[in-house]
>>> print(open('run.txt').read())   # compact mmCIF, C-alpha atoms and all ligand atoms
# COMPACT_ATOMS: atom_id res chain seq x y z
CA MET A 4 -1.10 -17.68 -18.94
CA LYS A 5 -3.17 -19.10 -16.09
CA THR A 6 -3.94 -16.38 -13.55
CA ARG A 7 -4.37 -17.44 -9.92
CA VAL A 8 -6.80 -15.43 -7.77
CA PHE A 9 -6.01 -15.15 -4.03
CA LYS A 10 -9.09 -13.95 -2.18
CA MET A 11 -8.78 -12.50 1.31
CA SER A 12 -10.21 -9.74 3.47
CA ARG A 13 -8.19 -7.00 5.08
CA ASP A 14 -9.09 -8.19 8.57
CA SER A 15 -7.94 -11.73 7.93
CA ILE A 16 -4.95 -11.44 5.65
CA ASP A 17 -3.50 -14.79 4.53
CA ALA A 18 0.22 -14.34 5.16
CA GLY A 19 1.03 -17.59 3.33
CA LEU A 20 -0.62 -16.40 0.12
CA ILE A 21 0.98 -12.93 0.39
CA ASN A 22 4.31 -14.70 0.74
CA GLU A 23 3.64 -16.70 -2.46
CA ALA A 24 2.79 -13.46 -4.24
CA ALA A 25 5.97 -11.80 -2.94
CA GLU A 26 8.02 -14.77 -4.22
CA CYS A 27 6.36 -14.32 -7.60
CA ILE A 28 7.48 -10.64 -7.67
CA LYS A 29 11.03 -11.71 -6.73
CA ARG A 30 11.06 -14.16 -9.65
CA GLY A 31 10.09 -11.37 -12.07
CA GLY A 32 6.36 -12.18 -12.21
CA THR A 33 3.28 -9.94 -12.13
CA VAL A 34 0.88 -9.55 -9.19
CA ILE A 35 -2.24 -7.37 -9.04
CA PHE A 36 -2.91 -6.08 -5.54
CA PRO A 37 -5.35 -3.73 -3.79
CA THR A 38 -4.32 -0.32 -2.49
CA GLU A 39 -6.43 2.34 -0.76
CA THR A 40 -6.86 4.15 -4.10
CA VAL A 41 -7.30 1.63 -6.95
CA TYR A 42 -5.90 -1.82 -7.78
CA GLY A 43 -2.27 -1.83 -9.00
CA LEU A 44 -0.56 -4.16 -11.51
CA GLY A 45 2.79 -4.83 -9.84
CA ALA A 46 6.19 -6.16 -10.81
CA ASP A 47 9.75 -5.70 -9.52
CA GLY A 48 10.40 -2.05 -10.41
CA LEU A 49 14.17 -2.55 -10.45
CA ASN A 50 14.04 -5.46 -12.90
CA PRO A 51 13.58 -4.27 -16.52
CA ASP A 52 12.32 -7.66 -17.77
CA ALA A 53 9.66 -7.73 -15.06
CA VAL A 54 8.58 -4.13 -15.75
CA ARG A 55 8.24 -4.90 -19.45
CA LYS A 56 5.50 -7.41 -18.57
CA ILE A 57 3.42 -4.61 -17.04
CA TYR A 58 3.42 -2.61 -20.27
CA VAL A 59 2.49 -5.72 -22.27
CA ALA A 60 -0.38 -6.73 -19.94
CA LYS A 61 -1.86 -3.21 -20.00
CA GLY A 62 -1.18 -2.43 -23.64
CA ARG A 63 0.42 0.75 -22.32
CA PRO A 64 2.75 3.07 -24.26
CA SER A 65 6.21 2.63 -22.73
CA ASP A 66 6.97 6.37 -22.50
CA ASN A 67 4.35 6.53 -19.74
CA PRO A 68 6.30 6.20 -16.46
CA LEU A 69 5.28 4.08 -13.48
CA ILE A 70 4.95 4.71 -9.76
CA LEU A 71 7.34 2.74 -7.53
CA HIS A 72 5.57 1.51 -4.39
CA ILE A 73 7.59 1.17 -1.18
CA SER A 74 6.71 -0.10 2.29
CA SER A 75 8.72 2.43 4.32
CA PRO A 76 10.07 5.96 3.80
CA ASP A 77 13.50 4.49 4.61
CA TYR A 78 13.50 2.91 1.16
CA ILE A 79 13.42 6.26 -0.69
CA ASP A 80 17.18 6.69 -0.57
CA ALA A 81 17.64 3.30 -2.26
CA ILE A 82 16.02 4.66 -5.45
CA ALA A 83 16.16 8.48 -5.33
CA ASN A 84 18.17 11.44 -4.10
CA TYR A 85 16.52 12.55 -0.90
CA GLY A 86 18.46 12.41 2.38
CA GLY A 87 15.57 13.37 4.63
CA GLY A 88 13.87 16.49 5.96
CA GLY A 89 12.65 19.62 4.18
CA LYS A 90 9.30 19.92 2.42
CA ILE A 91 9.48 16.32 1.27
CA GLY A 92 9.88 15.21 4.88
CA LYS A 93 6.79 17.23 5.85
CA LEU A 94 4.74 15.60 3.09
CA ILE A 95 5.86 12.13 4.13
CA GLU A 96 5.15 12.77 7.77
CA ARG A 97 1.64 14.04 7.13
CA PHE A 98 0.45 11.93 4.20
CA TRP A 99 2.32 8.58 4.20
CA PRO A 100 1.21 5.92 4.12
CA GLY A 101 -1.47 7.36 1.87
CA PRO A 102 -2.65 8.54 -1.55
CA LEU A 103 0.26 10.87 -2.30
CA THR A 104 2.90 10.11 -4.94
CA ILE A 105 6.11 12.15 -4.77
CA VAL A 106 8.31 12.68 -7.86
CA LEU A 107 12.04 12.96 -7.09
CA LYS A 108 15.33 12.79 -9.02
CA LYS A 109 16.09 9.08 -9.48
CA ASN A 110 19.35 7.21 -8.97
CA ASP A 111 20.83 4.58 -11.32
CA LYS A 112 19.25 1.63 -9.52
CA VAL A 113 16.00 2.56 -11.28
CA PRO A 114 15.92 1.30 -14.87
CA ASP A 115 14.82 3.65 -17.65
CA ILE A 116 11.85 1.44 -18.50
CA SER A 117 10.29 2.18 -15.08
CA THR A 118 10.44 5.94 -15.61
CA GLY A 119 9.81 6.16 -19.35
CA GLY A 120 13.36 7.46 -19.76
CA LEU A 121 12.87 10.41 -17.37
CA ASP A 122 15.55 11.34 -14.82
CA THR A 123 12.88 11.41 -12.11
CA VAL A 124 10.97 8.65 -10.33
CA ALA A 125 7.47 8.68 -8.82
CA ILE A 126 7.31 7.08 -5.35
CA ARG A 127 4.39 6.14 -3.11
CA MET A 128 3.81 4.29 0.15
CA PRO A 129 0.24 3.00 -0.02
CA ASP A 130 -2.04 2.84 3.03
CA ASP A 131 -3.16 -0.75 2.65
CA GLU A 132 -2.00 -3.65 4.81
CA ILE A 133 -2.08 -6.19 1.95
CA ALA A 134 -0.04 -3.90 -0.32
CA LEU A 135 2.50 -3.11 2.42
CA MET A 136 3.01 -6.79 3.30
CA LEU A 137 3.47 -7.67 -0.37
CA ILE A 138 6.03 -4.90 -0.91
CA SER A 139 8.06 -5.62 2.20
CA GLY A 140 7.96 -9.37 1.49
CA SER A 141 9.26 -8.84 -2.03
CA GLY A 142 12.24 -6.82 -0.77
CA THR A 143 12.10 -4.38 -3.69
CA ALA A 144 10.15 -1.36 -4.92
CA ILE A 145 7.06 -2.56 -6.78
CA ALA A 146 6.27 -0.69 -9.99
CA ALA A 147 2.49 -0.58 -10.33
CA PRO A 148 0.20 1.36 -12.61
CA SER A 149 -3.54 1.03 -12.19
CA ALA A 150 -4.56 -2.53 -13.15
CA ASN A 151 -6.77 -1.64 -16.13
CA ILE A 152 -6.25 -2.10 -19.85
CA SER A 153 -4.67 1.19 -20.94
CA GLY A 154 -7.34 3.85 -21.53
CA LYS A 155 -10.11 2.18 -19.49
CA PRO A 156 -11.29 3.35 -16.05
CA SER A 157 -9.05 2.17 -13.18
CA PRO A 158 -10.39 -0.92 -11.36
CA THR A 159 -11.67 -0.46 -7.82
CA ASN A 160 -12.83 -4.05 -7.20
CA ALA A 161 -11.69 -7.54 -8.15
CA GLU A 162 -14.50 -8.13 -10.66
CA ASP A 163 -13.30 -5.14 -12.73
CA VAL A 164 -9.68 -6.33 -12.43
CA ILE A 165 -10.58 -9.84 -13.64
CA GLU A 166 -12.56 -8.41 -16.57
CA ASP A 167 -9.41 -6.68 -17.89
CA MET A 168 -6.56 -8.86 -16.66
CA ASP A 169 -7.54 -12.54 -16.38
CA GLY A 170 -4.92 -14.55 -18.29
CA LYS A 171 -2.49 -11.61 -18.51
CA VAL A 172 -0.86 -11.71 -15.06
CA ASP A 173 0.40 -14.42 -12.69
CA ILE A 174 -1.60 -13.57 -9.57
CA ILE A 175 -4.54 -11.34 -8.62
CA ILE A 176 -5.00 -10.62 -4.91
CA ASP A 177 -8.70 -9.93 -4.36
CA GLY A 178 -8.91 -7.82 -1.21
CA GLY A 179 -12.41 -6.45 -1.85
CA PRO A 180 -13.34 -2.91 -2.94
CA THR A 181 -10.78 -0.11 -2.58
CA GLY A 182 -11.50 2.82 -0.26
CA ILE A 183 -10.88 6.06 -2.13
CA GLY A 184 -11.63 4.98 -5.69
CA LEU A 185 -9.45 7.54 -7.52
CA GLU A 186 -5.70 7.31 -8.07
CA SER A 187 -3.19 9.08 -5.86
CA THR A 188 -2.28 12.74 -6.03
CA VAL A 189 1.04 13.19 -7.90
CA VAL A 190 3.28 16.07 -6.81
CA ASP A 191 6.63 16.87 -8.44
CA MET A 192 9.24 17.74 -5.79
CA SER A 193 12.22 17.37 -8.14
CA SER A 194 12.62 21.10 -8.82
CA SER A 195 12.49 24.22 -6.68
CA VAL A 196 8.73 24.89 -6.82
CA PRO A 197 6.49 21.92 -6.00
CA LYS A 198 4.00 21.19 -8.75
CA LEU A 199 0.75 19.26 -8.70
CA LEU A 200 0.80 16.92 -11.72
CA ARG A 201 -2.32 14.87 -10.99
CA PRO A 202 -5.07 15.68 -8.49
CA GLY A 203 -6.19 12.77 -6.30
CA GLY A 204 -7.01 11.67 -2.77
CA ILE A 205 -4.91 14.44 -1.17
CA THR A 206 -6.20 17.88 -2.17
CA ILE A 207 -4.18 20.91 -3.31
CA GLU A 208 -5.44 22.74 -0.21
CA GLU A 209 -3.94 20.05 2.05
CA LEU A 210 -0.63 20.21 0.15
CA ARG A 211 -0.43 24.00 0.39
CA ASP A 212 -1.33 23.85 4.05
CA THR A 213 1.68 21.55 4.59
CA ILE A 214 4.44 22.99 2.36
CA GLY A 215 3.25 26.42 1.18
CA ASP A 216 3.32 27.26 -2.51
CA VAL A 217 2.33 24.48 -4.94
CA GLU A 218 1.91 25.20 -8.67
CA LEU A 219 -0.88 23.61 -10.66
CA ASP A 220 0.09 21.88 -13.87
CA PRO A 221 -2.36 23.05 -16.59
CA SER A 222 -3.40 19.43 -17.25
CA THR A 223 -4.85 19.07 -13.73
CA SER A 224 -8.18 20.65 -14.65
CA GLY A 225 -8.74 17.81 -17.12
CA ASN A 226 -9.93 20.26 -19.77
CA GLY A 227 -8.27 19.34 -23.07
CA SER A 228 -4.57 18.89 -23.69
CA PRO A 229 -2.31 21.61 -22.37
CA GLN A 230 0.07 23.54 -24.58
CA GLY A 231 3.71 22.55 -24.65
CA LYS A 232 5.43 19.80 -22.72
CA VAL A 233 3.34 17.48 -20.61
CA ARG A 234 4.96 17.05 -17.20
CA SER A 235 3.03 13.98 -16.10
CA PRO A 236 3.17 11.97 -19.30
CA GLY A 237 0.22 9.78 -18.29
CA MET A 238 -2.09 12.77 -18.48
CA LYS A 239 -1.77 13.20 -22.26
CA TYR A 240 -3.51 9.97 -23.25
CA ARG A 241 -7.25 9.38 -23.58
CA HIS A 242 -8.04 7.89 -20.23
CA TYR A 243 -10.63 6.57 -17.85
CA SER A 244 -12.93 6.09 -20.82
CA PRO A 245 -15.94 3.84 -21.00
CA ASP A 246 -16.71 2.29 -24.43
CA ALA A 247 -19.98 4.25 -24.52
CA GLY A 248 -19.88 7.86 -25.68
CA MET A 249 -19.93 10.18 -22.69
CA LEU A 250 -21.20 13.76 -22.55
CA LEU A 251 -20.46 15.71 -19.38
CA VAL A 252 -22.77 18.55 -18.31
CA GLU A 253 -21.35 21.05 -15.84
CA GLY A 254 -23.57 23.63 -14.18
CA GLY A 255 -26.03 24.23 -11.34
CA LEU A 256 -28.27 21.47 -10.01
CA LYS A 257 -31.52 22.48 -11.77
CA GLU A 258 -30.04 23.66 -15.09
CA THR A 259 -28.00 20.47 -15.36
CA ALA A 260 -31.18 18.38 -14.98
CA GLU A 261 -33.05 20.50 -17.56
CA THR A 262 -30.19 20.17 -20.06
CA ILE A 263 -29.89 16.41 -19.68
CA LYS A 264 -33.67 15.98 -19.94
CA ALA A 265 -33.59 17.87 -23.25
CA LEU A 266 -30.69 15.69 -24.47
CA ILE A 267 -32.61 12.51 -23.61
CA LYS A 268 -35.71 13.81 -25.36
CA LYS A 269 -33.66 14.52 -28.47
CA GLU A 270 -32.38 10.91 -28.47
CA ARG A 271 -35.95 9.62 -28.06
CA ASP A 272 -37.28 11.85 -30.84
CA ASN A 273 -34.59 10.45 -33.13
CA GLY A 274 -36.24 7.03 -33.08
CA GLY A 275 -35.23 5.76 -29.66
CA LYS A 276 -32.79 2.99 -30.59
CA VAL A 277 -30.00 4.46 -28.53
CA VAL A 278 -29.59 2.99 -25.04
CA VAL A 279 -29.26 6.01 -22.75
CA GLY A 280 -27.53 6.03 -19.37
CA VAL A 281 -27.41 8.93 -16.92
CA LEU A 282 -24.83 9.34 -14.19
CA SER A 283 -26.95 11.41 -11.83
CA CYS A 284 -26.36 12.90 -8.44
CA GLU A 285 -28.65 11.79 -5.61
CA GLU A 286 -30.51 15.11 -5.72
CA ASN A 287 -31.55 14.71 -9.40
CA ARG A 288 -32.16 10.94 -9.57
CA GLY A 289 -35.93 11.27 -9.99
CA GLU A 290 -35.64 13.64 -12.96
CA TYR A 291 -34.71 11.36 -15.85
CA ASP A 292 -36.47 9.08 -18.29
CA ALA A 293 -33.30 7.15 -19.20
CA ASP A 294 -32.75 3.40 -19.73
CA TYR A 295 -30.30 3.25 -16.84
CA ILE A 296 -29.62 5.76 -14.07
CA LEU A 297 -26.60 5.22 -11.82
CA VAL A 298 -26.09 7.42 -8.76
CA PRO A 299 -22.56 7.74 -7.32
CA GLY A 300 -23.78 9.91 -4.44
CA SER A 301 -24.76 13.41 -3.45
CA ARG A 302 -23.49 16.30 -5.55
CA PHE A 303 -22.14 17.73 -2.32
CA ASN A 304 -20.21 14.62 -1.27
CA PRO A 305 -17.27 14.22 -3.67
CA SER A 306 -15.86 11.25 -1.75
CA ASP A 307 -18.87 9.13 -2.79
CA TYR A 308 -18.33 10.23 -6.39
CA ALA A 309 -14.65 9.30 -6.11
CA LYS A 310 -15.49 5.88 -4.68
CA ASN A 311 -18.13 4.95 -7.28
CA LEU A 312 -17.23 6.79 -10.49
CA PHE A 313 -14.94 4.25 -12.17
CA SER A 314 -16.96 1.16 -11.33
CA MET A 315 -20.12 2.88 -12.60
CA LEU A 316 -18.52 3.86 -15.91
CA ARG A 317 -17.63 0.19 -16.35
CA LYS A 318 -21.14 -0.84 -15.34
CA PHE A 319 -22.67 1.32 -18.09
CA ASP A 320 -20.57 -0.64 -20.61
CA ARG A 321 -21.74 -3.98 -19.17
CA LEU A 322 -25.34 -2.77 -19.43
CA GLY A 323 -24.83 -2.07 -23.15
CA VAL A 324 -25.37 1.68 -22.83
CA ASP A 325 -24.57 3.63 -26.04
CA VAL A 326 -24.44 7.12 -24.58
CA ILE A 327 -23.84 8.37 -21.04
CA PHE A 328 -25.03 11.80 -19.97
CA ALA A 329 -23.07 12.62 -16.84
CA GLU A 330 -23.69 15.36 -14.30
CA GLY A 331 -20.61 17.22 -13.10
CA ILE A 332 -20.12 18.26 -9.48
CA PRO A 333 -18.41 21.36 -8.01
CA ALA A 334 -14.65 21.12 -8.72
CA GLU A 335 -13.61 21.92 -5.16
CA GLY A 336 -11.65 19.88 -2.63
CA LEU A 337 -11.76 16.22 -3.69
CA GLY A 338 -14.30 17.34 -6.33
CA PHE A 339 -11.35 18.80 -8.29
CA ALA A 340 -9.88 15.30 -8.71
CA VAL A 341 -13.30 13.83 -9.51
CA MET A 342 -13.87 16.44 -12.25
CA ASN A 343 -10.36 15.86 -13.66
CA ARG A 344 -11.31 12.18 -14.21
CA MET A 345 -14.81 12.94 -15.51
CA ARG A 346 -13.60 15.54 -18.02
CA ARG A 347 -10.97 13.16 -19.32
CA ALA A 348 -13.44 10.26 -19.48
CA ALA A 349 -15.68 12.52 -21.59
CA GLY A 350 -12.71 13.14 -23.90
CA GLY A 351 -13.61 16.83 -24.30
CA ASN A 352 -17.39 16.27 -24.83
CA ILE A 353 -18.41 18.83 -22.24
CA ILE A 354 -21.32 21.27 -22.01
CA THR A 355 -20.54 24.08 -19.56
CA LEU A 356 -23.70 25.95 -18.52
O1 LIG B 401 -3.14 5.51 -6.81
C1 LIG B 401 -2.27 5.31 -7.66
O2 LIG B 401 -1.38 6.13 -7.90
C2 LIG B 401 -2.31 3.97 -8.41
C3 LIG B 401 -2.07 2.86 -7.40
C4 LIG B 401 -1.95 1.51 -8.04
O3 LIG B 401 -0.93 3.17 -6.64
N1 LIG B 401 -1.36 3.95 -9.47
C5 LIG B 401 -1.51 4.70 -10.59
O4 LIG B 401 -0.50 4.52 -11.53
O5 LIG B 401 -2.45 5.42 -10.79
P1 LIG B 401 -0.62 5.01 -13.04
O6 LIG B 401 0.55 4.40 -13.71
O7 LIG B 401 -1.97 4.66 -13.57
O8 LIG B 401 -0.44 6.55 -12.97
C6 LIG B 401 0.84 7.11 -12.65
C7 LIG B 401 0.85 8.57 -12.97
C8 LIG B 401 0.81 8.83 -14.46
O9 LIG B 401 0.03 9.98 -14.72
C9 LIG B 401 2.29 9.05 -14.78
O10 LIG B 401 2.49 9.81 -15.93
C10 LIG B 401 2.75 9.78 -13.53
O11 LIG B 401 2.06 9.14 -12.47
N2 LIG B 401 4.20 9.64 -13.33
C11 LIG B 401 4.89 8.51 -13.05
N3 LIG B 401 6.20 8.75 -12.98
C12 LIG B 401 6.38 10.06 -13.21
C13 LIG B 401 7.52 10.93 -13.26
N4 LIG B 401 8.75 10.48 -13.08
N5 LIG B 401 7.30 12.23 -13.53
C14 LIG B 401 6.05 12.70 -13.71
N6 LIG B 401 4.92 11.93 -13.67
C15 LIG B 401 5.09 10.63 -13.42
MG MG B 402 -3.73 4.57 -14.70
>>> encode(input="run.txt", output="structure tokens")
Amino acid sequence: MKTRVFKMSRDSIDAGLINEAAECIKRGGTVIFPTETVYGLGADGLNPDAVRKIYVAKGRPSDNPLILHISSPDYIDAIANYGGGGKIGKLIERFWPGPLTIVLKKNDKVPDISTGGLDTVAIRMPDDEIALMLISGSGTAIAAPSANISGKPSPTNAEDVIEDMDGKVDIIIDGGPTGIGLESTVVDMSSSVPKLLRPGGITIEELRDTIGDVELDPSTSGNGSPQGKVRSPGMKYRHYSPDAGMLLVEGGLKETAETIKALIKKERDNGGKVVVGVLSCEENRGEYDADYILVPGSRFNPSDYAKNLFSMLRKFDRLGVDVIFAEGIPAEGLGFAVMNRMRRAAGGNIITL
């Protein structure tokens, strides 16, 4: 398949090209588009043949359900049982458009393939002008997982999208780097107690502040697979992983640096053939004798970590790094979502000090 790339900036959106992309969605094609979180691989979420193309392009297991993207809260009732008001109304009012995905009981307009056979559907209204124009132009709900090959870090810029998806989709809209850098928060509102299924751009504190009690699914910490049934099926797969081996070190600023220095020394003493990368916070960047040091930001600024984490994991692979030693940050506020992704990228290789 020949993939066309439509390049535009958010302050001069090319309505003609967006219209072409929307027509492509209507015809059952695939379009990758930017959102405020990460790039999404979109198709008509109400057309099973179109949705199937998403799973093929990503190499994604088809029991892993998709988020349906809408351009107005008014569209919710076309795909789910809602009716307005209540806690869901409060969430929508405060956080939409934005990085919050709400899981509701679905209606029969939504095909099983979009929800992995579940009786619920995940819905989000993204805060991105290009995405909103594409969705409203297509006149449907756009199913869109992150636009990476299944298992790899989500793409936050067009270069990373093209690396994974050139030749696998009809159109890529290059709208420049995304703002937040981590995927949306997923909250299940389909049963009596709201439950956080995936931490993201909206924090648990903000959710509780808006609707009161919110349970935490055990998978949200990112530490290993939880016992029993997995509520957000996407969270059970190895995810966000660079090709290089990654070891995550969680602890205080100084002890983390000492531990990683000792790990690097051990690699060097073993003959030195291993290409070592360190994902270091700003505060520790001068500490390491590694082949490559990438710095997402200050340990105390989780939003910089969120923005840069995925693209840096991909960069280590491009640099040919064999092993990444990564510094953790405090798992508070947005740092909780950052650590969820880092722990999962490390696939359980974690040293807790
Ligand atoms: O920020 C985002 O959410 C991005 C952009 C493109 O919008 N999308 C995204 O989609 O991250 P994806 O497919 O990579 O992740 C969707 C997550 C998965 O963990 C999936 O299991 C969960 O949402 N999910 C989807 N439908 C669900 C449902 N009905 N019940 C529970 N979890 C669901
Ligand atoms: Mg994903």
>>> closest_residue(input="run.txt", among="A:Ile207, A:Val164, A:Val279, A:Leu137", to="Ser149 (chain A)", atoms="all atoms listed in the file")
A:Val164
>>> axis_aligned_box(input="run.txt", around="ligand LIG 401 (chain B)", padding_each_side="6 Å", output="lines of an AutoDock Vina configuration file")
center_x = 2.8
center_y = 7.1
center_z = -11.3
size_x = 23.9
size_y = 23.2
size_z = 21.3
>>> atom_distance(input="run.txt", atom1="CA of Val252 (chain A)", atom2="CA of Gly351 (chain A)")
11.1 Å
>>> closest_residue(input="run.txt", among="A:Ser141, A:Lys93, A:Gly120, A:Ser12", to="Ala24 (chain A)", atoms="all atoms listed in the file")
A:Ser141
>>> closest_residue(input="run.txt", among="A:Ser222, A:Ser75, A:Thr6, A:Asn311", to="ligand LIG 401 (chain B)", atoms="all atoms listed in the file")
A:Ser222
>>> closest_residue(input="run.txt", among="A:Thr259, A:Gly92, A:Asp246, A:Glu290", to="Leu322 (chain A)", atoms="all atoms listed in the file")
A:Asp246
